[in-house]
Amino acid sequence: MESDYHPFLLDSDPIGWHTLLPKHIESDIRLAIDEAQMNIDGITSVPINELTFKNTILALERAGRKLHMAWSYVGHLDATCNSDELRAEYNKMLPLVAEFGANILLNDDLWLRIKTFAKTEEAEKLQGIDKKLLSDTLDGFRDSGADLPREQRERLKAIRIEVSQKSQKFTENVLDSRNAWEKYIDDASELEGLPRITVDVLHADAIEHGRDGYRISLNPSSSAKCMQYLKNEELREEIFRASLAVGRDDPYNNEKIIADILKLRNETAKILGHETYADLALKHRMAKNGAAALKFVENLHDRTLKFFQANIADLESFRSKFFAIEKARLTPWETAYLAEKFRQAEFDFDEEELRPYFKLENVIGGLFETANRLYGIKFVEQPTFFTSDEKATPPEGTIPVWHSDVKYFKAFEEDGTYIGGLYLDIHPRESKHAGGWMSDIKTGYLDENGIWQYPVATICTNLTPSTESTPSLLSHREVETLFHEFGHTLHHLFGEVKYESMNGANVAWDFVELPSQIMENFCWERESLDIFAKHFKTGESIPEELFRKMIAAKNHLSGSGMMGQLCFAKLDLELHQKYDNYADVDIEQELREILKSYRIELSEYVPTIILSFKHIFGGGYAAGYYSYKWAEVLDADAFNKFKSDGVLSRKVGDEFRKKILSRGDSEEADVLYRDFMGRDPDIEPLFLRSGLID
């Protein structure tokens with residue numbers, strides 16, 4: 001019967017994506033919540049004198065597993081196949097899922113059993129990962145206010161539900177306002193300066209939308225290239241102002257939403273006994289508190305400032321020479337354009353020269369071969385199956401996917417042992433969120449029968465698609481994006497921790513970017529580039545002269561690039577560490593002065609990205625955007641160990657896998673890092689690599 005069919009609750013391998021339709025979401029999520037609640041009730045029914053690790057701590061670890069799985073499927077589809085119907089079902093269920101999680105805080109019987117078990121003789125004898133699971137469970141409850149009066153816990157529950165809804169609305173506004181703008185160009189001469197492949201992509205996009213000519217959208221693969229190369233200043237300004245409207249213009253304005261989210265987060269922190277939300281969020285991260293994270297960002301700012309100022313002065317001087325005019329402030333729509341022209345003039349290097357060497361299929365093969373040489377693993381592509389018919393039976397041996405573009409790979413050890421699966425969803429579409437990310441569709445764990453359940457990951461990006469005349473040829477930055485997300489994937493696939501909540505990439509937020517940023521380094525090394533950087537027509541490797549230009553130009557305006565990331569981190573921490581300064585005021589106006597030395601002074605003031613900053617208002621990086629730079633310090637330092645033994649050293653790769661990638665959250669992040677490096681991290685390699693040391 002239809003009512004007995006619950007596809008989101010089927011823990012199948014492979015996942016039947018064609019069966020996961022919006023019409024099933026409500027019934028399946030409600031059923032998953034009921035099952036999870038029944039599991040919780042099972043724990044609270046255990047007599048106080050019969051508590052064990054298995055029937056309390058381990059039972060709680062497993063209680064919501066099916067709900068977590070089903071909701072992760074819904075969230076993944078919301079990010080990759082967004083539609084009105086799916087969105088409506090997602091928003092209908094979001095408060096219920098949030099409420100279930102929040103209700104755990106209010107469950108006095110559950111908390112009593114956890115606290116009571118923690119004082120038993122069995123608990124005292126726990127070792128290793130079991131001991132840490134108990135400790136983390138206790139911390140999680142206490143940090144969430146389990147010991148507070150019920151009235152305060154009820155308020156925390158209401159806040160949690162409200163923030164989840166507002167964050168979802170924030171994300172929807174960003175997606176909708178980005179999709180609301182498009183520009184059609186009939187005359188190709190208006191696109192002078194654009195690389196040929198970008199022109200072809202714009203033409204293919206127009207055809208796909210039922211028009212002739214060329215379509216410019218606010219997807220970065222379209223708009224960013226226009227801002228970087230387009231000679232037509234009027235058109236660049238139009239694109240800039242359209243980008244500025246994302247999350248800002250009605251009916252998609254996020255101003256009140258962010259004010260509400262910040263207020264609610266601050267209230268949460270106060271209820272839980274913290275001065276600031278940053279202190280609450282960072283308590284169990286490497287930075288430990290908001291003040292330490294802010295100090296880290298400000299120290300990097302101070303060391304970078306003179307290089308940043310010199311970069312801007314150089315760019316302004318170049319502008320006056322390039323346009324043969326008096327020196328003046330840059331306009332917001334010419335910074336990327338002039339930076340590219342400046343780089344070409346300074347190094348006789350155009351990054352588009354590299355694109356023919358980065359055919360997508362070769363880059364993916366390079367990802368896998370790099371992993372093979374470092375870790376001895378191999379990825380094997382599987383035939384896929386896509387349909388909109390939920391009743392269709394996939395042909396034997398095929399893997400269902402959610403879109404026809406999606407590819408699937410199985411990962412194996414050298415001896416043929418299966419490790420896990422990987423979906424690749426590479427190209428942009430309007431139903432898909434912008435940017436790039438890795439999703440942990442399934443995390444590895446040891447089930448109640450002692451059987452290992454294998455992990456499954458997805459890499460989703462918005463990279464340059466193929467056209468009628470050329471295959472998908474990536475920019476070097478797009479190659480870095482793939483390697484970055486693949487680093488997260490390896491962290492996920494290599495996890496050997498038996499508990500799902502502590503395995504894979506479920507680590508401290510300021511440590512999670514280390515594996516991903518380590519992988520970016522291989523996009524700059526001759527030894528690894530030669531594996532996959534082959535001209536798509538001739539098969540030749542990148543010529544030595546071009547490679548030298550690429551390396552020479554690597555740190556072009558690097559002070560400006562560094563400061564841009566620090567600006568985002570400073571903005572984030574200002575709002576979450578110094579909320580009182582921004583309550584009930586014009587946030588943008590307050591930030592204008594605070595961020596002055598972090599931003600280029602342009603011909604007109606450009607508002608911050610706050611109204612479209614999905615990382616901190618629609619994602620998990622609130623009070624944590626500094627993590628990118630924090631982890632960059634770690635990766636610049638740690639990659640020297642790879643280079644010292646040979647860039648593709650299997651010895652170092654195996655050690656990195658054993659001591660970092662396989663360990664999940666089984667130990668504190670700083671302990672894992674010291675175990676791998678033999679010492680605490682050194683900040684100097686980051687400045688050396690960035691060319692920011694005199």
# chains A, B, ... in the order shown; residues from 1 in each chain; ligands from 1
>>> closest_atom_pairs(of="stretch 50-164 of chain A", to="stretch 269-279 of chain A", cutoff="8 Å", atoms="only C-alpha atoms", output="Markdown table")
| residue | atom | partner | partner_atom | distance |
| --- | --- | --- | --- | --- |
| A:Asp143 | CA | A:Leu272 | CA | 7.0 |
| A:Ser144 | CA | A:Leu272 | CA | 7.0 |
| A:Gly145 | CA | A:Leu272 | CA | 5.9 |
| A:Gln152 | CA | A:Ile271 | CA | 7.0 |
| A:Leu156 | CA | A:Ile271 | CA | 7.9 |
>>> residues_around(residues="A:Leu230", least_positions_apart="4", cutoff="12 Å", atoms="only C-alpha atoms", output="PyMOL selection string")
chain A and resi 188-196+198-199+216+222-226+234-239+333-338+340-341
>>> select_by_dssp(residues="stretch 19-229 of chain A", states="strand (DSSP E)", output="PyMOL selection string")
chain A and resi 182-185+214-217
>>> residues_around(residues="A:Phe687", least_positions_apart="3", cutoff="9 Å", atoms="only C-alpha atoms", output="number ranges by chain")
A: 304, 633, 636, 683-684, 690-693
>>> write_last_selection(atoms="N, CA and C atoms", output="PDB file, in the first residue's frame")
ATOM      1  N   THR A 304      49.421  41.627   7.862  1.00  0.00           N
ATOM      2  CA  THR A 304      49.100  41.689   6.427  1.00  0.00           C
ATOM      3  C   THR A 304      48.903  43.119   5.945  1.00  0.00           C
ATOM      4  N   VAL A 633      46.728  28.084   8.388  1.00  0.00           N
ATOM      5  CA  VAL A 633      47.980  28.060   9.151  1.00  0.00           C
ATOM      6  C   VAL A 633      48.428  26.613   9.320  1.00  0.00           C
ATOM      7  N   ALA A 636      49.480  25.034   5.729  1.00  0.00           N
ATOM      8  CA  ALA A 636      50.754  25.543   5.205  1.00  0.00           C
ATOM      9  C   ALA A 636      51.925  24.934   5.966  1.00  0.00           C
ATOM     10  N   ILE A 683      53.071  29.495  12.515  1.00  0.00           N
ATOM     11  CA  ILE A 683      52.339  30.401  11.636  1.00  0.00           C
ATOM     12  C   ILE A 683      53.185  30.903  10.463  1.00  0.00           C
ATOM     13  N   GLU A 684      54.509  30.843  10.582  1.00  0.00           N
ATOM     14  CA  GLU A 684      55.374  31.431   9.558  1.00  0.00           C
ATOM     15  C   GLU A 684      55.215  30.816   8.170  1.00  0.00           C
ATOM     16  N   SER A 690      52.525  32.686   1.142  1.00  0.00           N
ATOM     17  CA  SER A 690      51.745  33.784   0.567  1.00  0.00           C
ATOM     18  C   SER A 690      52.614  34.943   0.096  1.00  0.00           C
ATOM     19  N   GLY A 691      53.915  34.850   0.317  1.00  0.00           N
ATOM     20  CA  GLY A 691      54.816  35.934  -0.075  1.00  0.00           C
ATOM     21  C   GLY A 691      54.647  37.177   0.779  1.00  0.00           C
ATOM     22  N   LEU A 692      54.207  37.007   2.027  1.00  0.00           N
ATOM     23  CA  LEU A 692      53.943  38.151   2.896  1.00  0.00           C
ATOM     24  C   LEU A 692      54.962  38.268   4.016  1.00  0.00           C
ATOM     25  N   ILE A 693      56.198  37.934   3.691  1.00  0.00           N
ATOM     26  CA  ILE A 693      57.325  38.160   4.602  1.00  0.00           C
ATOM     27  C   ILE A 693      58.364  38.952   3.840  1.00  0.00           C
TER      28      ILE A 693
END
>>> residues_around(residues="A:Ile114", least_positions_apart="6", cutoff="12 Å", atoms="only C-alpha atoms", output="PyMOL selection string")
chain A and resi 40+43-44+46+48+51-61+104+107-108+120+123+133-142+146
>>> write_last_selection(atoms="C-alpha atoms", output="mmCIF file, in the first residue's frame")
data_model
loop_
_atom_site.group_PDB
_atom_site.id
_atom_site.type_symbol
_atom_site.label_atom_id
_atom_site.label_comp_id
_atom_site.auth_asym_id
_atom_site.auth_seq_id
_atom_site.Cartn_x
_atom_site.Cartn_y
_atom_site.Cartn_z
ATOM 1 C CA ILE A 40 14.363 7.848 23.557
ATOM 2 C CA ILE A 43 16.132 4.740 27.352
ATOM 3 C CA THR A 44 14.004 6.588 29.906
ATOM 4 C CA VAL A 46 15.302 1.653 31.974
ATOM 5 C CA ILE A 48 17.841 3.617 37.443
ATOM 6 C CA LEU A 51 21.765 1.568 33.610
ATOM 7 C CA THR A 52 24.628 0.490 31.357
ATOM 8 C CA PHE A 53 26.740 2.101 28.666
ATOM 9 C CA LYS A 54 24.805 0.126 26.068
ATOM 10 C CA ASN A 55 21.279 1.022 27.213
ATOM 11 C CA THR A 56 21.986 4.725 27.840
ATOM 12 C CA ILE A 57 24.935 6.340 26.046
ATOM 13 C CA LEU A 58 25.108 3.948 23.110
ATOM 14 C CA ALA A 59 21.320 3.801 22.831
ATOM 15 C CA LEU A 60 21.192 7.604 22.647
ATOM 16 C CA GLU A 61 23.896 7.599 19.972
ATOM 17 C CA ILE A 104 15.831 16.244 24.253
ATOM 18 C CA ASN A 107 13.674 15.391 28.878
ATOM 19 C CA ASP A 108 14.452 15.261 32.592
ATOM 20 C CA THR A 120 28.564 4.207 37.978
ATOM 21 C CA ALA A 123 31.399 4.509 33.566
ATOM 22 C CA LEU A 133 31.568 9.444 23.822
ATOM 23 C CA LEU A 134 30.359 9.606 27.423
ATOM 24 C CA SER A 135 32.301 12.830 28.045
ATOM 25 C CA ASP A 136 30.997 14.428 24.848
ATOM 26 C CA THR A 137 27.429 13.393 25.675
ATOM 27 C CA LEU A 138 27.649 14.962 29.128
ATOM 28 C CA ASP A 139 29.201 18.130 27.675
ATOM 29 C CA GLY A 140 26.531 18.298 24.993
ATOM 30 C CA PHE A 141 23.706 18.221 27.488
ATOM 31 C CA ARG A 142 25.321 20.649 29.914
ATOM 32 C CA ALA A 146 20.089 20.535 30.561
#
>>> atom_distance(atom1="atom CA of A:Met563", atom2="atom CA of A:Lys306")
10.6 Å
>>> closest_residue(among="A:Asp572, A:Glu121, A:Glu89, A:Asp314", to="A:Ile609", atoms="only C-alpha atoms")
A:Asp572
>>> atom_distance(atom1="atom CA of A:Arg215", atom2="atom CA of A:Asn179")
12.3 Å
>>> closest_residue(among="A:Ile364, A:Met38, A:Gly653, A:Trp402", to="A:Glu485", atoms="only C-alpha atoms")
A:Ile364
>>> atom_distance(atom1="atom CA of A:Leu106", atom2="atom CA of A:Gly619")
25.4 Å
>>> closest_residue(among="A:Leu463, A:Met93, A:Ala102, A:Leu648", to="A:Ile161", atoms="only C-alpha atoms")
A:Ala102
>>> residues_around(residues="A:Gly618", least_positions_apart="2", cutoff="7 Å", atoms="only C-alpha atoms", output="MDAnalysis selection string")
chainID A and resid 167:168 170:171 614:616
>>> write_last_selection(atoms="N, CA and C atoms", output="PDB file, in the first residue's frame")
ATOM      1  N   SER A 167      17.023  30.822   9.285  1.00  0.00           N
ATOM      2  CA  SER A 167      18.208  30.490   8.491  1.00  0.00           C
ATOM      3  C   SER A 167      17.815  29.899   7.142  1.00  0.00           C
ATOM      4  N   GLN A 168      16.777  29.060   7.151  1.00  0.00           N
ATOM      5  CA  GLN A 168      16.293  28.494   5.896  1.00  0.00           C
ATOM      6  C   GLN A 168      15.738  29.583   4.989  1.00  0.00           C
ATOM      7  N   PHE A 170      16.570  32.728   5.015  1.00  0.00           N
ATOM      8  CA  PHE A 170      17.733  33.494   4.548  1.00  0.00           C
ATOM      9  C   PHE A 170      18.326  32.835   3.303  1.00  0.00           C
ATOM     10  N   THR A 171      18.529  31.529   3.375  1.00  0.00           N
ATOM     11  CA  THR A 171      19.120  30.790   2.255  1.00  0.00           C
ATOM     12  C   THR A 171      18.227  30.846   1.020  1.00  0.00           C
ATOM     13  N   LYS A 614      25.847  33.397   3.463  1.00  0.00           N
ATOM     14  CA  LYS A 614      25.217  32.127   3.821  1.00  0.00           C
ATOM     15  C   LYS A 614      26.043  31.325   4.824  1.00  0.00           C
ATOM     16  N   HIS A 615      27.356  31.476   4.792  1.00  0.00           N
ATOM     17  CA  HIS A 615      28.185  30.722   5.721  1.00  0.00           C
ATOM     18  C   HIS A 615      27.748  30.927   7.172  1.00  0.00           C
ATOM     19  N   ILE A 616      27.421  32.167   7.529  1.00  0.00           N
ATOM     20  CA  ILE A 616      27.139  32.431   8.939  1.00  0.00           C
ATOM     21  C   ILE A 616      25.653  32.579   9.259  1.00  0.00           C
TER      22      ILE A 616
END
>>> closest_residue(among="A:Ile660, A:Ile258, A:Met502, A:Ile426", to="A:Asp586", atoms="only C-alpha atoms")
A:Ile258
>>> residues_around(residues="A:Pro95", least_positions_apart="5", cutoff="12 Å", atoms="only C-alpha atoms", output="list in words")
Glu26, Ile29, Arg30, Ile33, Glu89, Tyr90, Phe100, Gly101, Ala102, Asn103, Lys157, Ala158, Ile159, Arg160, Ile161, Glu162, Val163, Ser164, Gln165, Lys166, Ser167 and Gln168 of chain A
>>> write_last_selection(atoms="C-alpha atoms", output="short mmCIF file (atom, residue, chain, number, x, y, z; two decimals), in the first residue's frame")
data_model
loop_
_atom_site.label_atom_id
_atom_site.label_comp_id
_atom_site.auth_asym_id
_atom_site.auth_seq_id
_atom_site.Cartn_x
_atom_site.Cartn_y
_atom_site.Cartn_z
CA GLU A 26 5.98 14.62 5.49
CA ILE A 29 9.87 12.45 8.51
CA ARG A 30 6.94 12.17 10.90
CA ILE A 33 10.53 11.33 14.46
CA GLU A 89 7.57 20.18 2.32
CA TYR A 90 11.00 21.03 3.74
CA PHE A 100 12.51 16.97 18.31
CA GLY A 101 16.15 17.90 18.87
CA ALA A 102 15.21 20.67 21.27
CA ASN A 103 12.89 18.40 23.25
CA LYS A 157 13.72 25.20 22.44
CA ALA A 158 11.67 28.02 20.96
CA ILE A 159 14.83 29.86 19.90
CA ARG A 160 16.27 26.78 18.21
CA ILE A 161 13.14 26.28 16.15
CA GLU A 162 12.92 29.96 15.20
CA VAL A 163 16.59 30.22 14.19
CA SER A 164 16.33 27.12 12.01
CA GLN A 165 13.35 28.61 10.17
CA LYS A 166 14.95 32.02 9.73
CA SER A 167 18.21 30.49 8.49
CA GLN A 168 16.29 28.49 5.90
#
>>> residues_around(residues="A:His24", least_positions_apart="5", cutoff="9 Å", atoms="only C-alpha atoms", output="list of chain:residue names")
A:Tyr5, A:His6, A:Pro7, A:Phe8, A:Thr19, A:Ile29, A:Glu89
>>> closest_residue(among="A:Arg657, A:Thr387, A:Phe412, A:Lys256", to="A:Leu20", atoms="only C-alpha atoms")
A:Thr387
>>> select_by_dssp(residues="stretch 205-241 of chain A", states="alpha helix (DSSP H)", output="PyMOL selection string")
chain A and resi 205-208+220-229+233-241
